[in-house]
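Asks: My structure is in upload.tsv, and what it holds is TSV, C-alpha atoms and all ligand atoms:
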chain	number	residue	atom	x	y	z
A	1	GLU	CA	90.68	-105.86	-176.37
A	2	ASP	CA	87.06	-105.40	-175.43
A	3	ALA	CA	87.49	-107.77	-172.50
A	4	GLU	CA	90.61	-105.94	-171.32
A	5	ARG	CA	88.66	-102.69	-171.32
A	6	GLY	CA	86.30	-104.38	-168.87
A	7	GLY	CA	83.16	-103.33	-170.71
A	8	TYR	CA	84.18	-99.68	-170.99
A	9	ASP	CA	84.39	-97.98	-174.41
A	10	HIS	CA	87.89	-96.73	-173.67
A	11	TYR	CA	90.78	-97.50	-171.36
A	12	MET	CA	90.63	-93.88	-170.22
A	13	LEU	CA	87.10	-94.32	-168.87
A	14	LYS	CA	88.09	-97.63	-167.28
A	15	GLU	CA	91.06	-95.96	-165.60
A	16	ILE	CA	88.96	-93.01	-164.41
A	17	ASN	CA	86.65	-95.55	-162.78
A	18	GLU	CA	89.57	-97.43	-161.25
A	19	GLN	CA	90.64	-94.40	-159.21
A	20	PRO	CA	88.96	-95.39	-155.94
A	21	GLU	CA	90.85	-98.71	-155.84
A	22	ALA	CA	94.09	-97.15	-157.10
A	23	LEU	CA	93.88	-94.54	-154.32
A	24	GLU	CA	93.19	-97.28	-151.76
A	25	ARG	CA	96.44	-98.94	-152.80
A	26	THR	CA	98.36	-95.65	-152.75
A	27	ILE	CA	97.45	-94.91	-149.15
A	28	ASN	CA	97.10	-98.48	-147.85
A	29	GLY	CA	99.18	-98.93	-144.66
A	30	ARG	CA	100.64	-95.44	-145.01
A	31	ILE	CA	98.36	-93.62	-142.53
A	32	THR	CA	98.19	-94.82	-138.94
A	33	ASP	CA	94.92	-95.16	-137.01
A	34	ASP	CA	95.87	-92.15	-134.89
A	35	GLY	CA	96.32	-90.04	-138.02
A	36	ARG	CA	100.04	-89.92	-138.76
A	37	VAL	CA	102.00	-90.66	-141.93
A	38	ALA	CA	103.70	-94.07	-141.89
A	39	LEU	CA	106.00	-94.59	-144.87
A	40	ALA	CA	107.95	-97.83	-144.44
A	41	ASP	CA	111.16	-96.56	-146.07
A	42	PHE	CA	110.91	-93.09	-144.57
A	43	PRO	CA	110.54	-93.21	-140.77
A	44	PRO	CA	110.16	-89.96	-138.82
A	45	GLY	CA	113.33	-87.90	-139.04
A	46	THR	CA	114.36	-89.21	-142.48
A	47	PHE	CA	114.30	-85.71	-143.92
A	48	ASP	CA	115.55	-83.70	-140.91
A	49	GLU	CA	118.47	-82.20	-142.83
A	50	VAL	CA	116.49	-81.07	-145.87
A	51	SER	CA	116.38	-77.31	-146.34
A	52	GLU	CA	114.52	-77.03	-149.64
A	53	VAL	CA	112.72	-79.22	-152.15
A	54	HIS	CA	112.97	-79.24	-155.97
A	55	PHE	CA	110.42	-81.17	-158.03
A	56	LEU	CA	111.38	-82.36	-161.53
A	57	SER	CA	108.76	-83.66	-163.92
A	58	CYS	CA	106.94	-83.34	-167.25
A	59	GLY	CA	103.34	-83.10	-168.45
A	60	THR	CA	100.73	-84.34	-166.03
A	61	SER	CA	103.41	-85.26	-163.48
A	62	HIS	CA	104.50	-81.60	-163.48
A	63	HIS	CA	101.00	-80.59	-162.43
A	64	ALA	CA	101.13	-83.09	-159.55
A	65	SER	CA	104.47	-81.51	-158.60
A	66	MET	CA	103.01	-77.99	-158.74
A	67	TYR	CA	100.24	-79.20	-156.42
A	68	ALA	CA	102.80	-80.51	-153.90
A	69	GLN	CA	104.93	-77.37	-154.26
A	70	GLN	CA	101.95	-75.27	-153.18
A	71	LEU	CA	101.22	-77.48	-150.16
A	72	LEU	CA	104.85	-77.38	-148.98
A	73	ARG	CA	104.99	-73.60	-149.30
A	74	ASP	CA	101.73	-73.32	-147.33
A	75	ARG	CA	103.51	-75.30	-144.59
A	76	GLY	CA	106.60	-73.08	-144.57
A	77	VAL	CA	108.90	-75.38	-146.58
A	78	PRO	CA	110.71	-73.79	-149.56
A	79	ALA	CA	109.66	-75.78	-152.63
A	80	TYR	CA	110.06	-75.29	-156.38
A	81	ALA	CA	108.49	-77.32	-159.20
A	82	PHE	CA	110.60	-77.24	-162.37
A	83	THR	CA	109.79	-78.69	-165.77
A	84	ALA	CA	112.42	-81.37	-166.28
A	85	GLY	CA	113.27	-80.31	-169.84
A	86	GLU	CA	114.39	-76.91	-168.55
A	87	TYR	CA	116.13	-78.23	-165.44
A	88	ALA	CA	118.17	-80.67	-167.53
A	89	THR	CA	119.81	-77.77	-169.38
A	90	THR	CA	119.49	-74.86	-166.95
A	91	PRO	CA	119.29	-76.35	-163.45
A	92	ALA	CA	118.81	-74.43	-160.22
A	93	PRO	CA	121.68	-74.57	-157.71
A	94	VAL	CA	121.52	-77.43	-155.20
A	95	SER	CA	123.36	-78.44	-152.04
A	96	GLU	CA	123.46	-81.71	-150.14
A	97	ASP	CA	120.49	-80.37	-148.15
A	98	THR	CA	118.37	-80.04	-151.28
A	99	LEU	CA	115.88	-82.85	-151.71
A	100	VAL	CA	115.22	-83.32	-155.42
A	101	ILE	CA	112.01	-85.26	-156.14
A	102	ALA	CA	111.58	-86.66	-159.65
A	103	VAL	CA	107.87	-87.27	-160.16
A	104	THR	CA	107.34	-89.62	-163.09
A	105	GLN	CA	104.61	-92.17	-163.75
A	106	SER	CA	106.73	-94.33	-166.03
A	107	GLY	CA	110.12	-93.64	-164.48
A	108	GLU	CA	111.47	-93.54	-168.04
A	109	THR	CA	110.84	-90.00	-169.33
A	110	ALA	CA	114.11	-88.85	-170.89
A	111	ASP	CA	113.88	-85.21	-169.76
A	112	THR	CA	113.11	-86.27	-166.19
A	113	LEU	CA	115.97	-88.77	-166.14
A	114	ALA	CA	118.40	-86.17	-167.54
A	115	SER	CA	117.43	-83.66	-164.86
A	116	LEU	CA	117.59	-86.34	-162.15
A	117	ARG	CA	121.11	-87.24	-163.28
A	118	SER	CA	122.12	-83.58	-163.17
A	119	ALA	CA	120.87	-83.38	-159.56
A	120	ASN	CA	122.68	-86.63	-158.64
A	121	GLU	CA	125.94	-85.42	-160.19
A	122	ARG	CA	125.76	-82.12	-158.32
A	123	GLY	CA	125.38	-83.85	-154.96
A	124	ALA	CA	121.70	-83.32	-154.13
A	125	ARG	CA	119.73	-85.97	-152.29
A	126	THR	CA	117.29	-87.56	-154.77
A	127	LEU	CA	113.95	-89.30	-154.43
A	128	THR	CA	111.58	-90.49	-157.14
A	129	VAL	CA	107.83	-90.79	-156.83
A	130	THR	CA	106.90	-93.26	-159.55
A	131	ASN	CA	104.41	-95.94	-160.56
A	132	VAL	CA	106.90	-98.44	-161.95
A	133	VAL	CA	109.00	-100.66	-159.70
A	134	GLY	CA	112.34	-101.36	-161.39
A	135	SER	CA	112.11	-98.27	-163.64
A	136	THR	CA	115.24	-96.28	-164.47
A	137	ALA	CA	114.19	-93.46	-162.14
A	138	ALA	CA	113.65	-95.94	-159.29
A	139	ARG	CA	117.13	-97.36	-159.88
A	140	GLU	CA	118.95	-94.07	-160.27
A	141	ALA	CA	117.39	-91.96	-157.51
A	142	ASP	CA	118.75	-92.43	-153.98
A	143	GLU	CA	115.27	-93.38	-152.76
A	144	ALA	CA	111.90	-94.30	-154.27
A	145	LEU	CA	108.25	-94.10	-153.24
A	146	PHE	CA	105.81	-96.10	-155.37
A	147	ILE	CA	102.33	-94.76	-156.05
A	148	ARG	CA	100.86	-98.26	-156.69
A	149	ALA	CA	98.24	-97.01	-159.17
A	150	GLY	CA	98.52	-100.14	-161.31
A	151	PRO	CA	99.22	-100.17	-165.07
A	152	GLU	CA	97.81	-97.26	-167.08
A	153	ILE	CA	97.13	-97.92	-170.77
A	154	GLY	CA	95.47	-94.68	-171.89
A	155	VAL	CA	98.09	-92.20	-173.10
A	156	ALA	CA	96.38	-89.41	-171.16
A	157	ALA	CA	97.20	-89.86	-167.47
A	158	THR	CA	94.22	-90.07	-165.12
A	159	LYS	CA	94.48	-92.49	-162.20
A	160	THR	CA	98.23	-91.98	-162.00
A	161	PHE	CA	97.73	-88.23	-161.46
A	162	THR	CA	95.34	-88.75	-158.54
A	163	SER	CA	97.64	-91.38	-157.03
A	164	GLN	CA	100.67	-89.12	-157.51
A	165	VAL	CA	98.96	-86.29	-155.64
A	166	ALA	CA	97.83	-88.67	-152.87
A	167	ALA	CA	101.37	-90.04	-152.48
A	168	LEU	CA	102.81	-86.51	-152.55
A	169	LEU	CA	100.36	-85.43	-149.85
A	170	LEU	CA	101.91	-88.11	-147.63
A	171	VAL	CA	105.41	-86.92	-148.55
A	172	VAL	CA	104.40	-83.32	-147.84
A	173	GLU	CA	103.13	-84.17	-144.36
A	174	ARG	CA	106.27	-86.23	-143.58
A	175	LEU	CA	108.58	-83.47	-144.86
A	176	THR	CA	106.70	-80.86	-142.85
A	177	VAL	CA	107.14	-82.79	-139.58
A	178	ASP	CA	110.82	-83.51	-140.28
A	179	ILE	CA	111.79	-80.04	-141.53
A	180	THR	CA	109.69	-77.73	-139.35
A	181	GLY	CA	109.59	-80.01	-136.29
A	182	THR	CA	105.79	-80.09	-136.02
A	183	PRO	CA	102.93	-81.47	-138.10
A	184	SER	CA	101.10	-78.93	-140.23
A	185	GLU	CA	98.11	-77.26	-138.59
A	186	ASP	CA	95.74	-79.17	-140.86
A	187	SER	CA	97.65	-82.45	-140.83
A	188	GLU	CA	94.93	-84.44	-139.09
A	189	ALA	CA	92.17	-83.05	-141.28
A	190	VAL	CA	94.22	-83.62	-144.45
A	191	LEU	CA	95.02	-87.24	-143.58
A	192	THR	CA	91.39	-87.92	-142.65
A	193	ALA	CA	90.30	-86.42	-145.98
A	194	LEU	CA	92.89	-88.57	-147.76
A	195	ARG	CA	91.47	-91.68	-146.13
A	196	GLU	CA	87.98	-90.69	-147.25
A	197	LEU	CA	89.16	-89.81	-150.76
A	198	PRO	CA	88.53	-93.20	-152.46
A	199	ASP	CA	84.87	-93.12	-151.36
A	200	ALA	CA	84.50	-89.49	-152.33
A	201	VAL	CA	85.90	-90.18	-155.82
A	202	ASP	CA	83.50	-93.10	-156.15
A	203	ARG	CA	80.52	-90.92	-155.25
A	204	LEU	CA	81.67	-88.18	-157.59
A	205	ILE	CA	82.03	-90.52	-160.57
A	206	GLY	CA	78.60	-92.01	-159.88
A	207	SER	CA	76.88	-88.63	-159.81
A	208	SER	CA	78.81	-86.48	-162.31
A	209	ILE	CA	76.79	-84.60	-164.92
A	210	ALA	CA	79.88	-83.96	-167.08
A	211	SER	CA	78.47	-86.07	-169.95
A	212	SER	CA	75.37	-83.91	-170.29
A	213	LEU	CA	77.49	-80.75	-170.31
A	214	ALA	CA	79.95	-81.93	-172.96
A	215	PRO	CA	77.80	-81.53	-176.13
A	216	ARG	CA	77.22	-77.86	-175.27
A	217	TYR	CA	80.91	-77.00	-175.07
A	218	ALA	CA	82.57	-79.35	-177.57
A	219	GLY	CA	83.74	-77.40	-180.61
A	220	SER	CA	84.12	-74.02	-178.84
A	221	GLU	CA	86.75	-71.65	-180.22
A	222	GLN	CA	88.90	-72.11	-177.11
A	223	HIS	CA	88.58	-73.13	-173.47
A	224	PHE	CA	90.20	-71.43	-170.47
A	225	PHE	CA	90.71	-73.04	-167.08
A	226	ILE	CA	91.45	-70.95	-163.98
A	227	GLY	CA	92.21	-71.58	-160.30
A	228	ARG	CA	94.27	-70.37	-157.34
A	229	GLY	CA	96.48	-72.29	-154.89
A	230	VAL	CA	96.20	-76.02	-155.61
A	231	ALA	CA	93.31	-75.23	-157.96
A	232	TYR	CA	95.88	-73.61	-160.30
A	233	PRO	CA	97.74	-76.85	-161.17
A	234	VAL	CA	94.34	-78.56	-161.38
A	235	ALA	CA	93.26	-75.93	-163.92
A	236	CYS	CA	96.49	-76.54	-165.90
A	237	GLU	CA	95.89	-80.30	-165.80
A	238	GLY	CA	92.26	-79.84	-166.90
A	239	ALA	CA	93.41	-77.85	-169.93
A	240	LEU	CA	96.19	-80.31	-170.75
A	241	LYS	CA	93.76	-83.26	-170.61
A	242	LEU	CA	91.28	-81.49	-172.89
A	243	LYS	CA	93.88	-80.56	-175.50
A	244	GLU	CA	95.51	-84.02	-175.40
A	245	ILE	CA	92.39	-86.03	-176.15
A	246	SER	CA	89.94	-83.63	-177.85
A	247	TYR	CA	92.45	-81.47	-179.84
A	248	GLU	CA	90.48	-78.41	-178.68
A	249	GLN	CA	92.39	-75.22	-177.90
A	250	ALA	CA	92.64	-75.06	-174.10
A	251	GLU	CA	94.83	-73.13	-171.64
A	252	GLY	CA	95.11	-73.16	-167.88
A	253	PHE	CA	95.92	-69.97	-165.97
A	254	SER	CA	96.41	-68.88	-162.43
A	255	ALA	CA	93.11	-67.01	-161.92
A	256	GLY	CA	94.89	-63.74	-161.10
A	257	GLU	CA	96.89	-63.78	-164.35
A	258	LEU	CA	93.80	-63.84	-166.54
A	259	LYS	CA	93.51	-60.05	-166.54
A	260	HIS	CA	97.15	-59.62	-167.57
A	261	GLY	CA	96.69	-60.65	-171.21
A	262	PRO	CA	94.49	-63.71	-171.74
A	263	LEU	CA	91.37	-61.62	-171.00
A	264	ALA	CA	91.85	-60.02	-174.43
A	265	LEU	CA	90.94	-63.37	-175.98
A	266	VAL	CA	87.76	-63.92	-173.98
A	267	THR	CA	84.57	-63.77	-176.06
A	268	PRO	CA	81.08	-65.25	-175.60
A	269	GLU	CA	82.52	-68.31	-177.38
A	270	THR	CA	85.14	-68.93	-174.66
A	271	PRO	CA	83.86	-71.27	-171.97
A	272	ILE	CA	85.79	-70.69	-168.74
A	273	VAL	CA	86.18	-73.53	-166.27
A	274	ALA	CA	86.80	-72.11	-162.77
A	275	VAL	CA	88.13	-74.47	-160.11
A	276	PHE	CA	87.35	-73.87	-156.41
A	277	THR	CA	88.57	-75.77	-153.34
A	278	GLY	CA	87.19	-73.68	-150.47
A	279	LYS	CA	90.42	-71.61	-150.17
A	280	HIS	CA	90.80	-68.24	-151.97
A	281	ASP	CA	87.31	-68.61	-153.47
A	282	THR	CA	86.32	-64.95	-153.16
A	283	LYS	CA	89.19	-63.76	-155.34
A	284	THR	CA	88.49	-66.36	-158.00
A	285	LEU	CA	84.84	-65.29	-157.98
A	286	ASN	CA	86.02	-61.76	-158.89
A	287	ASN	CA	87.71	-63.26	-161.95
A	288	VAL	CA	84.52	-65.13	-162.78
A	289	GLU	CA	82.70	-61.79	-162.76
A	290	GLU	CA	85.30	-60.28	-165.12
A	291	VAL	CA	84.74	-62.95	-167.77
A	292	ARG	CA	80.97	-63.20	-167.38
A	293	SER	CA	80.66	-59.46	-167.94
A	294	ARG	CA	82.36	-60.14	-171.31
A	295	GLY	CA	79.68	-62.65	-172.18
A	296	ALA	CA	81.65	-65.84	-171.46
A	297	SER	CA	79.95	-68.84	-169.87
A	298	VAL	CA	81.51	-70.12	-166.67
A	299	ILE	CA	81.54	-73.72	-165.51
A	300	GLY	CA	82.31	-73.82	-161.79
A	301	VAL	CA	83.83	-76.91	-160.21
A	302	ALA	CA	83.49	-76.57	-156.45
A	303	PRO	CA	82.53	-78.32	-153.19
A	304	GLU	CA	78.81	-79.13	-153.20
A	305	SER	CA	78.06	-76.84	-150.25
A	306	ALA	CA	79.59	-73.80	-152.02
A	307	ASP	CA	76.25	-72.08	-152.73
A	308	HIS	CA	78.02	-68.76	-153.34
A	309	VAL	CA	79.88	-70.39	-156.25
A	310	ALA	CA	76.81	-72.19	-157.58
A	311	ALA	CA	74.96	-68.86	-157.64
A	312	ALA	CA	77.73	-67.08	-159.53
A	313	VAL	CA	78.35	-69.49	-162.44
A	314	ASP	CA	76.41	-70.72	-165.47
A	315	GLU	CA	76.99	-74.42	-164.85
A	316	PHE	CA	77.88	-76.03	-161.54
A	317	LEU	CA	79.87	-79.27	-161.28
A	318	PRO	CA	79.86	-80.19	-157.58
A	319	ILE	CA	82.47	-82.27	-155.79
A	320	PRO	CA	81.98	-83.86	-152.35
A	321	ASP	CA	82.87	-81.51	-149.48
A	322	THR	CA	86.35	-82.19	-148.12
A	323	ASN	CA	89.51	-80.49	-146.87
A	324	PRO	CA	90.64	-77.79	-149.37
A	325	ASP	CA	94.09	-79.38	-149.77
A	326	VAL	CA	92.43	-82.58	-150.99
A	327	ALA	CA	89.55	-80.95	-152.89
A	328	GLY	CA	91.80	-80.32	-155.90
A	329	VAL	CA	92.03	-84.06	-156.49
A	330	LEU	CA	88.24	-84.33	-156.66
A	331	ALA	CA	87.99	-81.29	-158.93
A	332	ASN	CA	90.51	-82.97	-161.23
A	333	VAL	CA	88.28	-86.06	-161.50
A	334	GLN	CA	85.38	-83.86	-162.69
A	335	LEU	CA	87.71	-82.33	-165.28
A	336	GLN	CA	88.87	-85.76	-166.46
A	337	LEU	CA	85.20	-86.61	-167.09
A	338	VAL	CA	84.57	-83.32	-168.91
A	339	SER	CA	87.56	-83.95	-171.22
A	340	TYR	CA	86.57	-87.55	-171.80
A	341	HIS	CA	83.00	-86.70	-172.77
A	342	VAL	CA	84.01	-83.74	-174.97
A	343	ALA	CA	86.50	-85.97	-176.83
A	344	ASN	CA	83.81	-88.65	-177.12
A	345	VAL	CA	81.30	-86.21	-178.63
A	346	LEU	CA	84.00	-85.22	-181.15
A	347	ASN	CA	84.74	-88.89	-181.83
A	348	ARG	CA	88.47	-88.57	-181.12
A	349	SER	CA	90.99	-91.35	-180.69
A	350	ILE	CA	90.76	-91.08	-176.92
A	351	ASP	CA	93.22	-93.77	-175.82
A	352	LYS	CA	95.83	-92.99	-178.48
A	353	PRO	CA	95.80	-89.30	-179.33
A	354	ARG	CA	97.72	-88.27	-182.44
A	355	ASN	CA	101.43	-87.36	-182.01
A	356	LEU	CA	101.55	-88.34	-178.32
A	357	ALA	CA	103.26	-91.24	-176.55
A	358	LYS	CA	102.64	-92.72	-173.12
A	359	SER	CA	106.29	-92.36	-172.27
A	360	VAL	CA	108.66	-90.02	-174.12
A	361	THR	CA	112.14	-91.50	-174.12
A	362	VAL	CA	113.89	-88.83	-176.21
A	363	GLU	CA	115.01	-85.40	-175.01
B	401	LIG	C1	104.11	-88.02	-171.83
B	401	LIG	C2	102.69	-88.51	-171.57
B	401	LIG	C3	102.06	-87.68	-170.45
B	401	LIG	C4	102.94	-87.71	-169.21
B	401	LIG	C5	104.38	-87.26	-169.52
B	401	LIG	C6	105.31	-87.51	-168.35
B	401	LIG	O1	104.08	-86.76	-172.41
B	401	LIG	O2	101.90	-88.43	-172.75
B	401	LIG	O3	100.79	-88.20	-170.13
B	401	LIG	O4	102.41	-86.89	-168.22
B	401	LIG	O5	104.89	-88.00	-170.62
B	401	LIG	O6	105.40	-88.89	-168.13
B	401	LIG	P1	105.93	-89.54	-166.82
B	401	LIG	O7	105.92	-91.03	-167.11
B	401	LIG	O8	107.32	-89.02	-166.61
B	401	LIG	O9	105.02	-89.17	-165.73
Rewrite the structure from the file as structure tokens, please.
Replies:
Amino acid sequence: EDAERGGYDHYMLKEINEQPEALERTINGRITDDGRVALADFPPGTFDEVSEVHFLSCGTSHHASMYAQQLLRDRGVPAYAFTAGEYATTPAPVSEDTLVIAVTQSGETADTLASLRSANERGARTLTVTNVVGSTAAREADEALFIRAGPEIGVAATKTFTSQVAALLLVVERLTVDITGTPSEDSEAVLTALRELPDAVDRLIGSSIASSLAPRYAGSEQHFFIGRGVAYPVACEGALKLKEISYEQAEGFSAGELKHGPLALVTPETPIVAVFTGKHDTKTLNNVEEVRSRGASVIGVAPESADHVAAAVDEFLPIPDTNPDVAGVLANVQLQLVSYHVANVLNRSIDKPRNLAKSVTVE
């Protein structure tokens, strides 16, 4: 097994380090030299008739879906990310103009398949974004887009999340052109940032100080993660990763919701991880103030040039500067490393957390 882990202590760390190459594969041949999306199975116009988009998914894949939902809404396309377990029993209405996208790493998650079948039966157009060629989702959806992340052994998803978001960014830009008739305002900048993402992830992993931070925060009473826009699903994913592998109490909130209840739980023993992308930062900084005035320590994850964030937080975890729509992916990589090192300090079973399975095939 040691050899298969390629010298790393855990598959999770190996897979975190594999992200630059996984992302290269995800985007390879899918962005043209003049900065347009080129998806072999989905030429321009493929989605002309689509009027709204539903995402169906579970766990980490749901956070990738929430990320894409936000980007589509920013571009004027109605989009809704549903947890598949709910959609399977209480689905939203669809028409033949509804594009239902099942986002699933394995393509075998029972809740996701049940909700996909419900969408198929009710006449929606269905697409799956998955890692596994030949999976049930790939066979049952009308169309499939493969994220090409390669096999993932660690139960906690890492490289498949970043590849899912990268693939969904391509889908978002294609849908925007087809549905609204023009590329999004930021399309060129987003696709350039996506091309540069593998290198940026590589640099981030090589320079992260997450391991030196971990001993200070491992064993805290609870951990809160906050963010706005695409930083909100990244906050949720950061909390999910931490609870999965460290068994620490962790919750992710939309930064604005913090004051509507969770704030009552904030004490000096509640580290708050605040995620910034360069969009909506000022409002999130107000929330940082609210918790710091209650004695909580704040760890800010933000673009390296965000001096105003660095000055307002207790610990600063920088990410390479990039387009805000892509920055969430880099912030997520920092959070993967934080979770990994906290779980390592606590000596947890990182690759096989208790009670969890890589793919859940029961509803
Ligand atoms: C399980 C795994 C999670 C994963 C979720 C959805 O709960 O432990 O890591 O995010 O299933 O899996 P899928 O294969 O559908 O993406």
Asks: Atom CA of A:Leu71 and atom CA of A:Leu116, how far apart in Å?
Replies: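 Result for atom CA of A:Leu116 versus atom CA of A:Leu71: 22.1 Å, one decimal.
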Asks: With a distance cut-off of 10 Å and all atoms listed in the file, select the neighbouring residues of A:Ala119, excluding the residue or stretch itself and same-chain residues fewer than 3 positions from it, and output the selection as a list of chain:residue names.
Replies: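 Once the adjacent positions are removed, what remains is A:His54, A:Leu56, A:Tyr87, A:Ala88, A:Pro91, A:Ala92, A:Pro93, A:Val94, A:Ser95, A:Glu96, A:Thr98, A:Leu99, A:Val100, A:Ile101, A:Ala102, A:Leu113, A:Ala114, A:Ser115, A:Leu116, A:Arg122, A:Gly123, A:Ala124, A:Arg125, A:Thr126, A:Ala141.
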Asks: Can you sort out the box for ligand LIG 401 (chain B), edges along x, y and z, all listed atoms in, 8 Å on every side, with centre and edge lengths in Å to one decimal, as AutoDock Vina command-line options?
Replies:
--center_x 104.1 --center_y -88.9 --center_z -169.2 --size_x 22.5 --size_y 20.3 --size_z 23.0
Asks: Please return as a count of residues only the residues found within 6 Å of ligand LIG 401 (chain B), counting only C-alpha atoms and all ligand atoms.
Replies: 17
Asks: Could you name the residues that touch stretch 310-314 of chain A at 8 Å or less, counting all atoms listed in the file, but leaving out those on the same chain fewer than 4 positions away, as a PyMOL selection string?
Replies: chain A and resi 285+288-289+297-300+306
Asks: Could the residues in this selection be written to a file with C-alpha atoms, as a compact mmCIF listing (two decimals), in the coordinates of the input?
Replies:
# COMPACT_ATOMS: atom_id res chain seq x y z
CA LEU A 285 84.84 -65.29 -157.98
CA VAL A 288 84.52 -65.13 -162.78
CA GLU A 289 82.70 -61.79 -162.76
CA SER A 297 79.95 -68.84 -169.87
CA VAL A 298 81.51 -70.12 -166.67
CA ILE A 299 81.54 -73.72 -165.51
CA GLY A 300 82.31 -73.82 -161.79
CA ALA A 306 79.59 -73.80 -152.02
Asks: Given only C-alpha atoms as the basis, pick out the residue of A:Thr130, A:Thr361, A:Thr26, A:Asn286 nearest to A:Ala166.
Replies: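 So, comparing all the options, the nearest one is A:Thr26.
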Asks: I'd like the interatomic distance between atom CA of A:Ala84 and atom CA of A:Ser57, to a tenth of an Å.
Replies: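 Separating atom CA of A:Ala84 from atom CA of A:Ser57 is a distance of 4.9 Å.
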Asks: Using all atoms listed in the file, which residues sit within 10 Å of A:Ala40 once same-chain residues fewer than 3 positions away are excluded, as a list in words?
Replies: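 Close residues of A:Ala40: Gly29, Arg30, Val37, Pro43, Pro44 and Leu145 of chain A.
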Asks: Tell me which of A:Ala189, A:Val329, A:Ala343, A:Ile319 sits closest to A:Thr160, counting only C-alpha atoms.
Replies: A:Val329
Asks: Which residues come within 9 Å of A:Arg75, counting all atoms listed in the file, excluding same-chain residues fewer than 6 positions away, as a list of chain:residue names?
Replies: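 Close residues of A:Arg75: A:Val172, A:Glu173, A:Thr176, A:Thr180, A:Pro183, A:Ser184, A:Glu185.
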Asks: Nearest to A:Gly229 among A:Thr277, A:Gln249, A:Ser51, A:Thr90, with distances taken over all atoms listed in the file: which residue is it?
Replies: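 Comparing A:Thr277, A:Gln249, A:Ser51, A:Thr90 against A:Gly229, the winner is A:Thr277.
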Asks: Near A:Asn287, within 8 Å and counting only C-alpha atoms, which residues show up once chain neighbours fewer than 6 positions away are dropped, as a ChimeraX atom specification?
Replies: /A:255-256,258
Asks: Deliver the residues from the most recent selection as a file, using C-alpha atoms, as an mmCIF file, in the coordinates of the input.
Replies:
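This is the output file selection.cif:
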data_model
loop_
_atom_site.group_PDB
_atom_site.id
_atom_site.type_symbol
_atom_site.label_atom_id
_atom_site.label_comp_id
_atom_site.auth_asym_id
_atom_site.auth_seq_id
_atom_site.Cartn_x
_atom_site.Cartn_y
_atom_site.Cartn_z
ATOM 1 C CA ALA A 255 93.110 -67.010 -161.920
ATOM 2 C CA GLY A 256 94.890 -63.740 -161.100
ATOM 3 C CA LEU A 258 93.800 -63.840 -166.540
#
Asks: List as an MDAnalysis selection string: which residues have an atom within 9 Å of (112.7, -87.7, -143.0), counting all atoms listed in the file?
Replies: chainID A and resid 42:50 174:175 177:179
Asks: Counting all atoms listed in the file, note down every residue that has an atom within 9 Å of the point (83.9, -67.1, -171.2) (file coordinates), as a PDB file with C-alpha atoms, keeping the file's coordinate frame.
Replies:
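Writing done, so here's point-v5.pdb:
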ATOM      1  CA  HIS A 223      88.580 -73.130-173.470  1.00  0.00           C
ATOM      2  CA  PHE A 224      90.200 -71.430-170.470  1.00  0.00           C
ATOM      3  CA  VAL A 266      87.760 -63.920-173.980  1.00  0.00           C
ATOM      4  CA  THR A 267      84.570 -63.770-176.060  1.00  0.00           C
ATOM      5  CA  PRO A 268      81.080 -65.250-175.600  1.00  0.00           C
ATOM      6  CA  GLU A 269      82.520 -68.310-177.380  1.00  0.00           C
ATOM      7  CA  THR A 270      85.140 -68.930-174.660  1.00  0.00           C
ATOM      8  CA  PRO A 271      83.860 -71.270-171.970  1.00  0.00           C
ATOM      9  CA  ILE A 272      85.790 -70.690-168.740  1.00  0.00           C
ATOM     10  CA  VAL A 273      86.180 -73.530-166.270  1.00  0.00           C
ATOM     11  CA  VAL A 288      84.520 -65.130-162.780  1.00  0.00           C
ATOM     12  CA  VAL A 291      84.740 -62.950-167.770  1.00  0.00           C
ATOM     13  CA  ARG A 292      80.970 -63.200-167.380  1.00  0.00           C
ATOM     14  CA  SER A 293      80.660 -59.460-167.940  1.00  0.00           C
ATOM     15  CA  ARG A 294      82.360 -60.140-171.310  1.00  0.00           C
ATOM     16  CA  GLY A 295      79.680 -62.650-172.180  1.00  0.00           C
ATOM     17  CA  ALA A 296      81.650 -65.840-171.460  1.00  0.00           C
ATOM     18  CA  SER A 297      79.950 -68.840-169.870  1.00  0.00           C
ATOM     19  CA  VAL A 298      81.510 -70.120-166.670  1.00  0.00           C
TER      20      VAL A 298
END
Asks: Would you please work out which residue, of A:Leu242, A:Leu197, A:Val190, A:Val230, is nearest to A:Pro320 when using all atoms listed in the file?
Replies: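 The shortest atom-to-atom distance to A:Pro320 comes from A:Leu197.
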Asks: Give me, please, the distance in Å between atom CA of A:Asp97 and atom CA of A:Gly76, quoted to one decimal.
Replies: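 That distance, rounded to one decimal, is 16.1 Å.
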Asks: Given all atoms listed in the file as the basis, pick out the residue of A:Arg195, A:Arg25, A:His63, A:His10 nearest to A:Pro233.
Replies: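 Distance minimum relative to A:Pro233 lands on A:His63.
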Asks: Taking into account all atoms listed in the file, which residue in the set A:Phe146, A:Phe253, A:Tyr80, A:Tyr217 is nearest to A:Tyr232?
Replies: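 Nearest to A:Tyr232: A:Phe253.
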